[in-house]
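Have a look at structure_34.pdb; it's PDB, C-alpha atoms, pLDDT in the B column:
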ATOM      1  CA  MET A 152      44.276 -11.364 -21.461  1.00 62.00           C
ATOM      2  CA  PRO A 153      42.765 -14.767 -22.234  1.00 64.00           C
ATOM      3  CA  PRO A 154      39.418 -14.671 -24.043  1.00 68.00           C
ATOM      4  CA  ARG A 155      36.337 -14.645 -21.829  1.00 73.00           C
ATOM      5  CA  ARG A 156      34.543 -17.954 -21.512  1.00 84.00           C
ATOM      6  CA  SER A 157      31.261 -18.018 -23.379  1.00 92.00           C
ATOM      7  CA  TYR A 158      28.093 -20.078 -23.289  1.00 94.00           C
ATOM      8  CA  ASP A 159      28.368 -20.140 -27.102  1.00 95.00           C
ATOM      9  CA  GLN A 160      24.619 -19.775 -27.447  1.00 97.00           C
ATOM     10  CA  TYR A 161      22.987 -17.478 -29.996  1.00 96.00           C
ATOM     11  CA  CYS A 162      20.750 -15.854 -27.383  1.00 97.00           C
ATOM     12  CA  SER A 163      20.910 -12.285 -26.063  1.00 97.00           C
ATOM     13  CA  ALA A 164      20.414 -13.471 -22.464  1.00 96.00           C
ATOM     14  CA  ALA A 165      23.351 -15.859 -22.835  1.00 96.00           C
ATOM     15  CA  ARG A 166      25.474 -13.096 -24.391  1.00 95.00           C
ATOM     16  CA  ALA A 167      24.628 -10.797 -21.487  1.00 96.00           C
ATOM     17  CA  LEU A 168      25.593 -13.484 -18.992  1.00 96.00           C
ATOM     18  CA  ASP A 169      28.876 -13.942 -20.845  1.00 95.00           C
ATOM     19  CA  LEU A 170      29.633 -10.370 -19.733  1.00 95.00           C
ATOM     20  CA  VAL A 171      28.035 -10.028 -16.300  1.00 96.00           C
ATOM     21  CA  GLY A 172      27.248 -13.556 -15.150  1.00 95.00           C
ATOM     22  CA  ASP A 173      30.438 -14.103 -13.173  1.00 95.00           C
ATOM     23  CA  ARG A 174      30.244 -13.940  -9.386  1.00 95.00           C
ATOM     24  CA  TRP A 175      30.812 -10.383  -8.054  1.00 98.00           C
ATOM     25  CA  THR A 176      30.503  -8.589 -11.408  1.00 98.00           C
ATOM     26  CA  LEU A 177      27.041  -7.103 -10.832  1.00 98.00           C
ATOM     27  CA  LEU A 178      27.942  -6.160  -7.266  1.00 98.00           C
ATOM     28  CA  ILE A 179      30.940  -4.247  -8.612  1.00 98.00           C
ATOM     29  CA  VAL A 180      28.503  -2.443 -10.903  1.00 98.00           C
ATOM     30  CA  ARG A 181      26.339  -1.656  -7.865  1.00 98.00           C
ATOM     31  CA  GLU A 182      29.330  -0.010  -6.191  1.00 98.00           C
ATOM     32  CA  LEU A 183      30.377   1.927  -9.292  1.00 98.00           C
ATOM     33  CA  LEU A 184      26.873   3.312  -9.772  1.00 97.00           C
ATOM     34  CA  GLY A 185      27.939   5.573  -6.897  1.00 96.00           C
ATOM     35  CA  GLY A 186      30.725   7.088  -9.011  1.00 95.00           C
ATOM     36  CA  PRO A 187      34.468   6.486  -9.452  1.00 95.00           C
ATOM     37  CA  ARG A 188      36.030   4.236  -6.814  1.00 96.00           C
ATOM     38  CA  ARG A 189      39.557   3.250  -5.929  1.00 96.00           C
ATOM     39  CA  TYR A 190      40.452  -0.438  -5.791  1.00 97.00           C
ATOM     40  CA  THR A 191      40.833  -0.248  -2.000  1.00 96.00           C
ATOM     41  CA  ASP A 192      37.382   1.340  -1.648  1.00 96.00           C
ATOM     42  CA  LEU A 193      35.806  -1.384  -3.762  1.00 98.00           C
ATOM     43  CA  HIS A 194      37.515  -4.093  -1.759  1.00 98.00           C
ATOM     44  CA  ALA A 195      36.344  -2.538   1.519  1.00 97.00           C
ATOM     45  CA  ASP A 196      32.709  -2.358   0.352  1.00 97.00           C
ATOM     46  CA  LEU A 197      32.626  -5.850  -1.155  1.00 98.00           C
ATOM     47  CA  PRO A 198      33.276  -7.946   1.959  1.00 97.00           C
ATOM     48  CA  GLY A 199      34.070 -11.528   1.056  1.00 96.00           C
ATOM     49  CA  VAL A 200      35.725 -10.918  -2.304  1.00 98.00           C
ATOM     50  CA  SER A 201      39.378 -11.905  -2.578  1.00 98.00           C
ATOM     51  CA  THR A 202      41.912  -9.452  -3.975  1.00 97.00           C
ATOM     52  CA  ASP A 203      42.683 -11.811  -6.873  1.00 97.00           C
ATOM     53  CA  VAL A 204      39.031 -12.202  -7.860  1.00 97.00           C
ATOM     54  CA  LEU A 205      38.337  -8.475  -7.624  1.00 98.00           C
ATOM     55  CA  ALA A 206      41.363  -7.643  -9.765  1.00 97.00           C
ATOM     56  CA  SER A 207      40.329 -10.281 -12.313  1.00 96.00           C
ATOM     57  CA  ARG A 208      36.742  -9.045 -12.522  1.00 97.00           C
ATOM     58  CA  LEU A 209      37.857  -5.428 -12.956  1.00 97.00           C
ATOM     59  CA  LYS A 210      40.177  -6.428 -15.797  1.00 96.00           C
ATOM     60  CA  ASP A 211      37.366  -8.381 -17.462  1.00 95.00           C
ATOM     61  CA  MET A 212      34.952  -5.477 -17.095  1.00 97.00           C
ATOM     62  CA  GLU A 213      37.462  -3.020 -18.548  1.00 97.00           C
ATOM     63  CA  ARG A 214      38.162  -5.327 -21.470  1.00 95.00           C
ATOM     64  CA  ASP A 215      34.443  -5.755 -22.131  1.00 95.00           C
ATOM     65  CA  GLY A 216      33.767  -2.022 -22.158  1.00 96.00           C
ATOM     66  CA  LEU A 217      31.802  -1.860 -18.906  1.00 98.00           C
ATOM     67  CA  THR A 218      34.380   0.143 -16.934  1.00 98.00           C
ATOM     68  CA  THR A 219      37.353   2.390 -17.493  1.00 98.00           C
ATOM     69  CA  ARG A 220      40.355   3.080 -15.285  1.00 97.00           C
ATOM     70  CA  ARG A 221      41.989   6.489 -14.958  1.00 94.00           C
ATOM     71  CA  ARG A 222      44.612   8.077 -12.765  1.00 93.00           C
ATOM     72  CA  LEU A 223      43.611  10.961 -10.518  1.00 89.00           C
ATOM     73  CA  PRO A 224      45.740  14.100 -10.748  1.00 87.00           C
ATOM     74  CA  PRO A 225      48.087  14.961  -7.852  1.00 83.00           C
ATOM     75  CA  PRO A 226      47.925  15.004  -4.920  1.00 81.00           C
ATOM     76  CA  GLY A 227      45.609  11.983  -5.234  1.00 73.00           C
ATOM     77  CA  ALA A 228      47.612  10.163  -7.933  1.00 76.00           C
ATOM     78  CA  ALA A 229      45.574   6.988  -7.402  1.00 90.00           C
ATOM     79  CA  TYR A 230      43.746   4.965 -10.036  1.00 94.00           C
ATOM     80  CA  VAL A 231      39.960   4.917  -9.975  1.00 97.00           C
ATOM     81  CA  TYR A 232      37.475   2.708 -11.766  1.00 98.00           C
ATOM     82  CA  GLU A 233      34.225   4.031 -13.198  1.00 97.00           C
ATOM     83  CA  LEU A 234      31.387   2.784 -15.349  1.00 97.00           C
ATOM     84  CA  THR A 235      31.152   3.530 -19.037  1.00 97.00           C
ATOM     85  CA  SER A 236      27.802   4.482 -20.546  1.00 96.00           C
ATOM     86  CA  ARG A 237      27.412   0.777 -21.403  1.00 97.00           C
ATOM     87  CA  GLY A 238      28.049  -0.137 -17.786  1.00 97.00           C
ATOM     88  CA  ARG A 239      25.551   2.447 -16.514  1.00 96.00           C
ATOM     89  CA  GLU A 240      22.906   0.819 -18.685  1.00 96.00           C
ATOM     90  CA  LEU A 241      22.932  -2.028 -16.143  1.00 97.00           C
ATOM     91  CA  LEU A 242      21.078   0.130 -13.576  1.00 96.00           C
ATOM     92  CA  PRO A 243      17.594  -1.083 -14.617  1.00 95.00           C
ATOM     93  CA  VAL A 244      18.937  -4.644 -14.722  1.00 97.00           C
ATOM     94  CA  LEU A 245      20.115  -4.365 -11.111  1.00 96.00           C
ATOM     95  CA  GLN A 246      16.852  -2.686 -10.117  1.00 96.00           C
ATOM     96  CA  ALA A 247      14.793  -5.471 -11.670  1.00 97.00           C
ATOM     97  CA  LEU A 248      17.005  -8.095 -10.027  1.00 97.00           C
ATOM     98  CA  GLY A 249      16.712  -6.358  -6.663  1.00 96.00           C
ATOM     99  CA  GLU A 250      12.942  -6.130  -6.927  1.00 95.00           C
ATOM    100  CA  TRP A 251      12.747  -9.806  -7.898  1.00 96.00           C
ATOM    101  CA  GLY A 252      14.904 -10.750  -4.891  1.00 96.00           C
ATOM    102  CA  GLU A 253      12.983  -8.733  -2.286  1.00 94.00           C
ATOM    103  CA  ARG A 254      10.998 -11.744  -1.082  1.00 91.00           C
ATOM    104  CA  ASP A 255      14.219 -13.634  -0.345  1.00 94.00           C
ATOM    105  CA  LEU A 256      15.885 -10.844   1.620  1.00 94.00           C
ATOM    106  CA  GLY A 257      14.252 -11.673   4.941  1.00 92.00           C
ATOM    107  CA  ALA A 258      15.508 -10.347   8.254  1.00 91.00           C
ATOM    108  CA  ARG A 259      19.161  -9.428   8.513  1.00 91.00           C
ATOM    109  CA  ARG A 260      21.257 -12.411   9.588  1.00 93.00           C
ATOM    110  CA  PRO A 261      24.069 -12.086  12.145  1.00 94.00           C
ATOM    111  CA  THR A 262      26.567 -12.901   9.386  1.00 96.00           C
ATOM    112  CA  ASP A 263      25.209 -10.300   6.944  1.00 95.00           C
ATOM    113  CA  ALA A 264      27.457  -7.353   6.169  1.00 95.00           C
ATOM    114  CA  VAL A 265      25.726  -4.037   5.502  1.00 94.00           C
ATOM    115  CA  ARG A 266      26.699  -0.655   4.101  1.00 95.00           C
ATOM    116  CA  ALA A 267      24.407   2.346   4.213  1.00 94.00           C
ATOM    117  CA  HIS A 268      24.617   2.934   0.469  1.00 95.00           C
ATOM    118  CA  TRP A 269      23.358  -0.592  -0.265  1.00 96.00           C
ATOM    119  CA  PHE A 270      19.907   0.834   0.486  1.00 95.00           C
ATOM    120  CA  ALA A 271      20.296   3.395  -2.303  1.00 96.00           C
ATOM    121  CA  LEU A 272      18.850   1.243  -5.081  1.00 96.00           C
ATOM    122  CA  PRO A 273      15.799   0.036  -3.094  1.00 94.00           C
ATOM    123  CA  LEU A 274      15.005   3.628  -2.145  1.00 94.00           C
ATOM    124  CA  LEU A 275      15.427   4.791  -5.736  1.00 94.00           C
ATOM    125  CA  ARG A 276      12.808   2.237  -6.774  1.00 92.00           C
ATOM    126  CA  SER A 277      10.400   3.998  -4.410  1.00 89.00           C
ATOM    127  CA  LEU A 278      10.932   7.515  -5.786  1.00 90.00           C
ATOM    128  CA  ASP A 279       9.682   9.430  -8.811  1.00 87.00           C
ATOM    129  CA  GLY A 280      10.650  12.779 -10.221  1.00 87.00           C
ATOM    130  CA  GLU A 281      14.047  14.450 -10.239  1.00 90.00           C
ATOM    131  CA  GLY A 282      16.328  15.947  -7.637  1.00 92.00           C
ATOM    132  CA  VAL A 283      18.849  15.197  -4.921  1.00 94.00           C
ATOM    133  CA  LEU A 284      17.714  13.409  -1.785  1.00 95.00           C
ATOM    134  CA  GLU A 285      19.941  13.179   1.291  1.00 96.00           C
ATOM    135  CA  VAL A 286      19.325  10.039   3.367  1.00 96.00           C
ATOM    136  CA  ARG A 287      20.313   9.623   7.007  1.00 95.00           C
ATOM    137  CA  LEU A 288      20.394   6.102   8.431  1.00 93.00           C
ATOM    138  CA  ASP A 289      21.813   4.469  11.536  1.00 87.00           C
ATOM    139  CA  GLU A 290      24.589   2.975   9.387  1.00 87.00           C
ATOM    140  CA  GLY A 291      25.564   6.287   7.797  1.00 92.00           C
ATOM    141  CA  ASP A 292      24.537   8.972   5.348  1.00 95.00           C
ATOM    142  CA  PHE A 293      24.304   8.903   1.583  1.00 96.00           C
ATOM    143  CA  HIS A 294      22.539  10.849  -1.141  1.00 96.00           C
ATOM    144  CA  LEU A 295      20.529   9.897  -4.196  1.00 96.00           C
ATOM    145  CA  ARG A 296      20.272  11.573  -7.589  1.00 95.00           C
ATOM    146  CA  VAL A 297      16.668  10.760  -8.407  1.00 94.00           C
ATOM    147  CA  GLY A 298      15.937  10.677 -12.125  1.00 90.00           C
ATOM    148  CA  ALA A 299      19.609  11.087 -13.085  1.00 85.00           C
ATOM    149  CA  ALA A 300      20.060  10.471 -16.804  1.00 80.00           C
ATOM    150  CA  ASP A 301      23.801   9.827 -16.541  1.00 85.00           C
ATOM    151  CA  GLY A 302      26.635   9.832 -14.043  1.00 87.00           C
ATOM    152  CA  PRO A 303      26.458   8.513 -10.473  1.00 92.00           C
ATOM    153  CA  VAL A 304      22.992   7.746  -9.124  1.00 95.00           C
ATOM    154  CA  TYR A 305      24.086   7.881  -5.482  1.00 96.00           C
ATOM    155  CA  GLY A 306      27.056   8.864  -3.350  1.00 95.00           C
ATOM    156  CA  ASP A 307      28.354   8.375   0.179  1.00 93.00           C
ATOM    157  CA  GLY A 308      27.929  11.130   2.723  1.00 93.00           C
ATOM    158  CA  PRO A 309      25.842  14.300   2.607  1.00 92.00           C
ATOM    159  CA  ALA A 310      24.831  15.707  -0.759  1.00 91.00           C
ATOM    160  CA  PRO A 311      27.269  18.156  -2.316  1.00 89.00           C
ATOM    161  CA  GLY A 312      25.573  21.537  -2.249  1.00 86.00           C
ATOM    162  CA  THR A 313      21.954  21.862  -1.245  1.00 88.00           C
ATOM    163  CA  ALA A 314      19.731  18.800  -1.381  1.00 92.00           C
ATOM    164  CA  ASP A 315      16.122  19.060  -2.551  1.00 93.00           C
ATOM    165  CA  ALA A 316      15.019  16.967   0.409  1.00 94.00           C
ATOM    166  CA  ARG A 317      16.351  15.072   3.409  1.00 95.00           C
ATOM    167  CA  LEU A 318      15.006  11.754   4.597  1.00 96.00           C
ATOM    168  CA  ASP A 319      15.626  10.453   8.143  1.00 96.00           C
ATOM    169  CA  LEU A 320      14.647   6.901   8.991  1.00 94.00           C
ATOM    170  CA  ASP A 321      15.873   4.084  11.196  1.00 92.00           C
ATOM    171  CA  ALA A 322      17.412   0.840  10.020  1.00 89.00           C
ATOM    172  CA  GLY A 323      14.307  -1.243  10.692  1.00 92.00           C
ATOM    173  CA  THR A 324      12.104   0.997   8.562  1.00 94.00           C
ATOM    174  CA  CYS A 325      14.640   1.067   5.745  1.00 93.00           C
ATOM    175  CA  GLU A 326      14.950  -2.718   5.820  1.00 94.00           C
ATOM    176  CA  GLU A 327      11.171  -3.071   5.507  1.00 94.00           C
ATOM    177  CA  VAL A 328      11.227  -0.780   2.474  1.00 94.00           C
ATOM    178  CA  ALA A 329      14.104  -2.810   0.993  1.00 94.00           C
ATOM    179  CA  ARG A 330      12.137  -6.038   1.500  1.00 94.00           C
ATOM    180  CA  GLY A 331       9.102  -4.568  -0.223  1.00 92.00           C
ATOM    181  CA  GLU A 332       7.017  -4.842   2.961  1.00 94.00           C
ATOM    182  CA  LEU A 333       6.555  -1.087   3.450  1.00 93.00           C
ATOM    183  CA  ALA A 334       6.105   1.628   0.862  1.00 91.00           C
ATOM    184  CA  LEU A 335       8.279   4.664   1.424  1.00 91.00           C
ATOM    185  CA  THR A 336       5.209   6.877   1.102  1.00 89.00           C
ATOM    186  CA  GLU A 337       3.502   4.921   3.889  1.00 92.00           C
ATOM    187  CA  ALA A 338       6.614   5.243   6.065  1.00 94.00           C
ATOM    188  CA  VAL A 339       6.406   9.026   5.672  1.00 93.00           C
ATOM    189  CA  ARG A 340       2.659   9.121   6.222  1.00 92.00           C
ATOM    190  CA  SER A 341       2.903   7.078   9.422  1.00 93.00           C
ATOM    191  CA  GLY A 342       5.758   9.148  10.833  1.00 94.00           C
ATOM    192  CA  ARG A 343       8.339   6.372  10.620  1.00 95.00           C
ATOM    193  CA  ALA A 344      10.338   8.460   8.150  1.00 95.00           C
ATOM    194  CA  ALA A 345      10.815  12.223   8.456  1.00 95.00           C
ATOM    195  CA  VAL A 346      11.133  14.467   5.410  1.00 95.00           C
ATOM    196  CA  THR A 347      12.586  17.979   5.495  1.00 93.00           C
ATOM    197  CA  GLY A 348      13.239  20.463   2.705  1.00 92.00           C
ATOM    198  CA  GLU A 349      11.260  22.601   0.311  1.00 87.00           C
ATOM    199  CA  GLY A 350      12.232  21.043  -3.019  1.00 85.00           C
ATOM    200  CA  ALA A 351       9.912  19.115  -5.311  1.00 87.00           C
ATOM    201  CA  LEU A 352      11.035  15.774  -3.890  1.00 89.00           C
ATOM    202  CA  ALA A 353      10.267  16.843  -0.335  1.00 91.00           C
ATOM    203  CA  LYS A 354       6.852  18.160  -1.294  1.00 88.00           C
ATOM    204  CA  ALA A 355       6.012  15.004  -3.247  1.00 86.00           C
ATOM    205  CA  LEU A 356       6.922  12.784  -0.287  1.00 87.00           C
ATOM    206  CA  ARG A 357       4.905  14.904   2.165  1.00 84.00           C
ATOM    207  CA  GLU A 358       1.854  15.234  -0.040  1.00 73.00           C
ATOM    208  CA  VAL A 359       1.110  11.546  -0.418  1.00 59.00           C
TER     209      VAL A 359
END
Please go through the file and, once you have read it, give me the structure as structure tokens.
Amino acid sequence: MPPRRSYDQYCSAARALDLVGDRWTLLIVRELLGGPRRYTDLHADLPGVSTDVLASRLKDMERDGLTTRRRLPPPGAAYVYELTSRGRELLPVLQALGEWGERDLGARRPTDAVRAHWFALPLLRSLDGEGVLEVRLDEGDFHLRVGAADGPVYGDGPAPGTADARLDLDAGTCEEVARGELALTEAVRSGRAAVTGEGALAKALREV
């Protein structure tokens, strides 16, 4: 592969942008924070990216040590991409970027695509402690691994096994939380979000 273009500046911020500053790269990281994904899954959940650009970014990220590619055993026999430990270290970077961009999110535009799991990172910013939280939204279900030290921090669909808590809320409430206009604790307190379960996460959300 040709060498990656560089800013050629002796600055850690510039070096970081050499690796993740290309369009789509950080959004690919966002998707892979949910665990291993096939190329077709990534393409489906990154509306607007061309197949050529996605393939190029994945090659760059593998070369730079942010992702790996492996083949699933039969009967799957498909290749999946997943983050390395270096790639997972970008979680706080994405969280800080998301928090910084809250004021620019605004109301959802008619042209805006949405996936249920895109609300995973905003909700994680609102939670403390450890455990598995199952989230049910109008757009679909997903689960969060709150306080996870490694591995996926969220996943599509219901939680595998028993979740510590379940959170039900409508799209409007979740969007307000994502925009930083409504604290998740206030949504629970006011009845706009319902919490069920007996785990530590459920108790913490109900006891605010």
- [ ] Please write as a VMD selection string the full residue list that the PyMOL selection byres ((chain A and resi 277-288) around 7) yields on this file.
- [x] chain A and resid 267 273 to 276 289 to 298 309 to 310 314 to 322 335 352
Keeping only C-alpha atoms, write those residues as a PDB file, in the frame of the given file.
ATOM      1  CA  ALA A 267      24.407   2.346   4.213  1.00 94.00           C
ATOM      2  CA  PRO A 273      15.799   0.036  -3.094  1.00 94.00           C
ATOM      3  CA  LEU A 274      15.005   3.628  -2.145  1.00 94.00           C
ATOM      4  CA  LEU A 275      15.427   4.791  -5.736  1.00 94.00           C
ATOM      5  CA  ARG A 276      12.808   2.237  -6.774  1.00 92.00           C
ATOM      6  CA  ASP A 289      21.813   4.469  11.536  1.00 87.00           C
ATOM      7  CA  GLU A 290      24.589   2.975   9.387  1.00 87.00           C
ATOM      8  CA  GLY A 291      25.564   6.287   7.797  1.00 92.00           C
ATOM      9  CA  ASP A 292      24.537   8.972   5.348  1.00 95.00           C
ATOM     10  CA  PHE A 293      24.304   8.903   1.583  1.00 96.00           C
ATOM     11  CA  HIS A 294      22.539  10.849  -1.141  1.00 96.00           C
ATOM     12  CA  LEU A 295      20.529   9.897  -4.196  1.00 96.00           C
ATOM     13  CA  ARG A 296      20.272  11.573  -7.589  1.00 95.00           C
ATOM     14  CA  VAL A 297      16.668  10.760  -8.407  1.00 94.00           C
ATOM     15  CA  GLY A 298      15.937  10.677 -12.125  1.00 90.00           C
ATOM     16  CA  PRO A 309      25.842  14.300   2.607  1.00 92.00           C
ATOM     17  CA  ALA A 310      24.831  15.707  -0.759  1.00 91.00           C
ATOM     18  CA  ALA A 314      19.731  18.800  -1.381  1.00 92.00           C
ATOM     19  CA  ASP A 315      16.122  19.060  -2.551  1.00 93.00           C
ATOM     20  CA  ALA A 316      15.019  16.967   0.409  1.00 94.00           C
ATOM     21  CA  ARG A 317      16.351  15.072   3.409  1.00 95.00           C
ATOM     22  CA  LEU A 318      15.006  11.754   4.597  1.00 96.00           C
ATOM     23  CA  ASP A 319      15.626  10.453   8.143  1.00 96.00           C
ATOM     24  CA  LEU A 320      14.647   6.901   8.991  1.00 94.00           C
ATOM     25  CA  ASP A 321      15.873   4.084  11.196  1.00 92.00           C
ATOM     26  CA  ALA A 322      17.412   0.840  10.020  1.00 89.00           C
ATOM     27  CA  LEU A 335       8.279   4.664   1.424  1.00 91.00           C
ATOM     28  CA  LEU A 352      11.035  15.774  -3.890  1.00 89.00           C
TER      29      LEU A 352
END
Task: Top pick for closest residue to Arg188 of chain A, considering A:Thr202, A:Ser157, A:Thr219, A:Ser163 and counting only C-alpha atoms - done: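 Closest candidate: A:Thr219.
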- [ ] Mind giving me the straight-line distance from atom CA of Pro261 of chain A to atom CA of Val200 of chain A in Å, one decimal?
- [x] 18.6 Å
Open item on the list: Starting from the PyMOL selection byres ((chain A and resi 233-244) around 12), expand the selection into actual residues of this file and give them as an NGL selection string.
Closed with: :A and (164 or 167-168 or 170-171 or 176-190 or 193 or 209 or 212-223 or 230-232 or 245-251 or 271-273 or 275-276 or 298-305)
I need the chosen residues saved as an mmCIF file, in the frame of the given file, with C-alpha atoms.
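Final output, saved to selection-v9.cif:
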data_model
loop_
_atom_site.group_PDB
_atom_site.id
_atom_site.type_symbol
_atom_site.label_atom_id
_atom_site.label_comp_id
_atom_site.auth_asym_id
_atom_site.auth_seq_id
_atom_site.Cartn_x
_atom_site.Cartn_y
_atom_site.Cartn_z
ATOM 1 C CA ALA A 164 20.414 -13.471 -22.464
ATOM 2 C CA ALA A 167 24.628 -10.797 -21.487
ATOM 3 C CA LEU A 168 25.593 -13.484 -18.992
ATOM 4 C CA LEU A 170 29.633 -10.370 -19.733
ATOM 5 C CA VAL A 171 28.035 -10.028 -16.300
ATOM 6 C CA THR A 176 30.503 -8.589 -11.408
ATOM 7 C CA LEU A 177 27.041 -7.103 -10.832
ATOM 8 C CA LEU A 178 27.942 -6.160 -7.266
ATOM 9 C CA ILE A 179 30.940 -4.247 -8.612
ATOM 10 C CA VAL A 180 28.503 -2.443 -10.903
ATOM 11 C CA ARG A 181 26.339 -1.656 -7.865
ATOM 12 C CA GLU A 182 29.330 -0.010 -6.191
ATOM 13 C CA LEU A 183 30.377 1.927 -9.292
ATOM 14 C CA LEU A 184 26.873 3.312 -9.772
ATOM 15 C CA GLY A 185 27.939 5.573 -6.897
ATOM 16 C CA GLY A 186 30.725 7.088 -9.011
ATOM 17 C CA PRO A 187 34.468 6.486 -9.452
ATOM 18 C CA ARG A 188 36.030 4.236 -6.814
ATOM 19 C CA ARG A 189 39.557 3.250 -5.929
ATOM 20 C CA TYR A 190 40.452 -0.438 -5.791
ATOM 21 C CA LEU A 193 35.806 -1.384 -3.762
ATOM 22 C CA LEU A 209 37.857 -5.428 -12.956
ATOM 23 C CA MET A 212 34.952 -5.477 -17.095
ATOM 24 C CA GLU A 213 37.462 -3.020 -18.548
ATOM 25 C CA ARG A 214 38.162 -5.327 -21.470
ATOM 26 C CA ASP A 215 34.443 -5.755 -22.131
ATOM 27 C CA GLY A 216 33.767 -2.022 -22.158
ATOM 28 C CA LEU A 217 31.802 -1.860 -18.906
ATOM 29 C CA THR A 218 34.380 0.143 -16.934
ATOM 30 C CA THR A 219 37.353 2.390 -17.493
ATOM 31 C CA ARG A 220 40.355 3.080 -15.285
ATOM 32 C CA ARG A 221 41.989 6.489 -14.958
ATOM 33 C CA ARG A 222 44.612 8.077 -12.765
ATOM 34 C CA LEU A 223 43.611 10.961 -10.518
ATOM 35 C CA TYR A 230 43.746 4.965 -10.036
ATOM 36 C CA VAL A 231 39.960 4.917 -9.975
ATOM 37 C CA TYR A 232 37.475 2.708 -11.766
ATOM 38 C CA LEU A 245 20.115 -4.365 -11.111
ATOM 39 C CA GLN A 246 16.852 -2.686 -10.117
ATOM 40 C CA ALA A 247 14.793 -5.471 -11.670
ATOM 41 C CA LEU A 248 17.005 -8.095 -10.027
ATOM 42 C CA GLY A 249 16.712 -6.358 -6.663
ATOM 43 C CA GLU A 250 12.942 -6.130 -6.927
ATOM 44 C CA TRP A 251 12.747 -9.806 -7.898
ATOM 45 C CA ALA A 271 20.296 3.395 -2.303
ATOM 46 C CA LEU A 272 18.850 1.243 -5.081
ATOM 47 C CA PRO A 273 15.799 0.036 -3.094
ATOM 48 C CA LEU A 275 15.427 4.791 -5.736
ATOM 49 C CA ARG A 276 12.808 2.237 -6.774
ATOM 50 C CA GLY A 298 15.937 10.677 -12.125
ATOM 51 C CA ALA A 299 19.609 11.087 -13.085
ATOM 52 C CA ALA A 300 20.060 10.471 -16.804
ATOM 53 C CA ASP A 301 23.801 9.827 -16.541
ATOM 54 C CA GLY A 302 26.635 9.832 -14.043
ATOM 55 C CA PRO A 303 26.458 8.513 -10.473
ATOM 56 C CA VAL A 304 22.992 7.746 -9.124
ATOM 57 C CA TYR A 305 24.086 7.881 -5.482
#
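Taking atom CA of Arg266 of chain A and atom CA of Lys354 of chain A as the two end points, the separation is 27.9 Å.
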TODO: For atom CA of Gly199 of chain A and atom CA of Trp175 of chain A, quote the distance in Å rounded to one decimal.
DONE: 9.7 Å
Open item on the list: I'd like the neighbourhood of Pro198 of chain A as a ChimeraX atom specification, where a residue qualifies if any of its atoms comes within 10 Å (using all atoms listed in the file), though same-chain residues fewer than 2 positions away should be ignored.
Closed with: /A:193-196,200-201,263-265
Export C-alpha atoms of the chosen residues as an mmCIF file, keeping the file's coordinate frame?
data_model
loop_
_atom_site.group_PDB
_atom_site.id
_atom_site.type_symbol
_atom_site.label_atom_id
_atom_site.label_comp_id
_atom_site.auth_asym_id
_atom_site.auth_seq_id
_atom_site.Cartn_x
_atom_site.Cartn_y
_atom_site.Cartn_z
ATOM 1 C CA LEU A 193 35.806 -1.384 -3.762
ATOM 2 C CA HIS A 194 37.515 -4.093 -1.759
ATOM 3 C CA ALA A 195 36.344 -2.538 1.519
ATOM 4 C CA ASP A 196 32.709 -2.358 0.352
ATOM 5 C CA VAL A 200 35.725 -10.918 -2.304
ATOM 6 C CA SER A 201 39.378 -11.905 -2.578
ATOM 7 C CA ASP A 263 25.209 -10.300 6.944
ATOM 8 C CA ALA A 264 27.457 -7.353 6.169
ATOM 9 C CA VAL A 265 25.726 -4.037 5.502
#
Enclose segment 314-328 of chain A, meaning all of its atoms listed in the file, in a box aligned along x, y and z, pad it by 8 Å on each side, and list the centre and edge lengths in Å to one decimal, as JSON.
{"center_x": 15.5, "center_y": 8.0, "center_z": 4.3, "size_x": 24.6, "size_y": 38.1, "size_z": 29.7}
Open item on the list: Ranking A:Lys210, A:Glu253, A:Thr336, A:Phe270 by minimum distance to Ala353 of chain A and counting only C-alpha atoms, which one comes first?
Closed with: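 Residue with the minimum atom-to-atom distance to Ala353 of chain A: A:Thr336.
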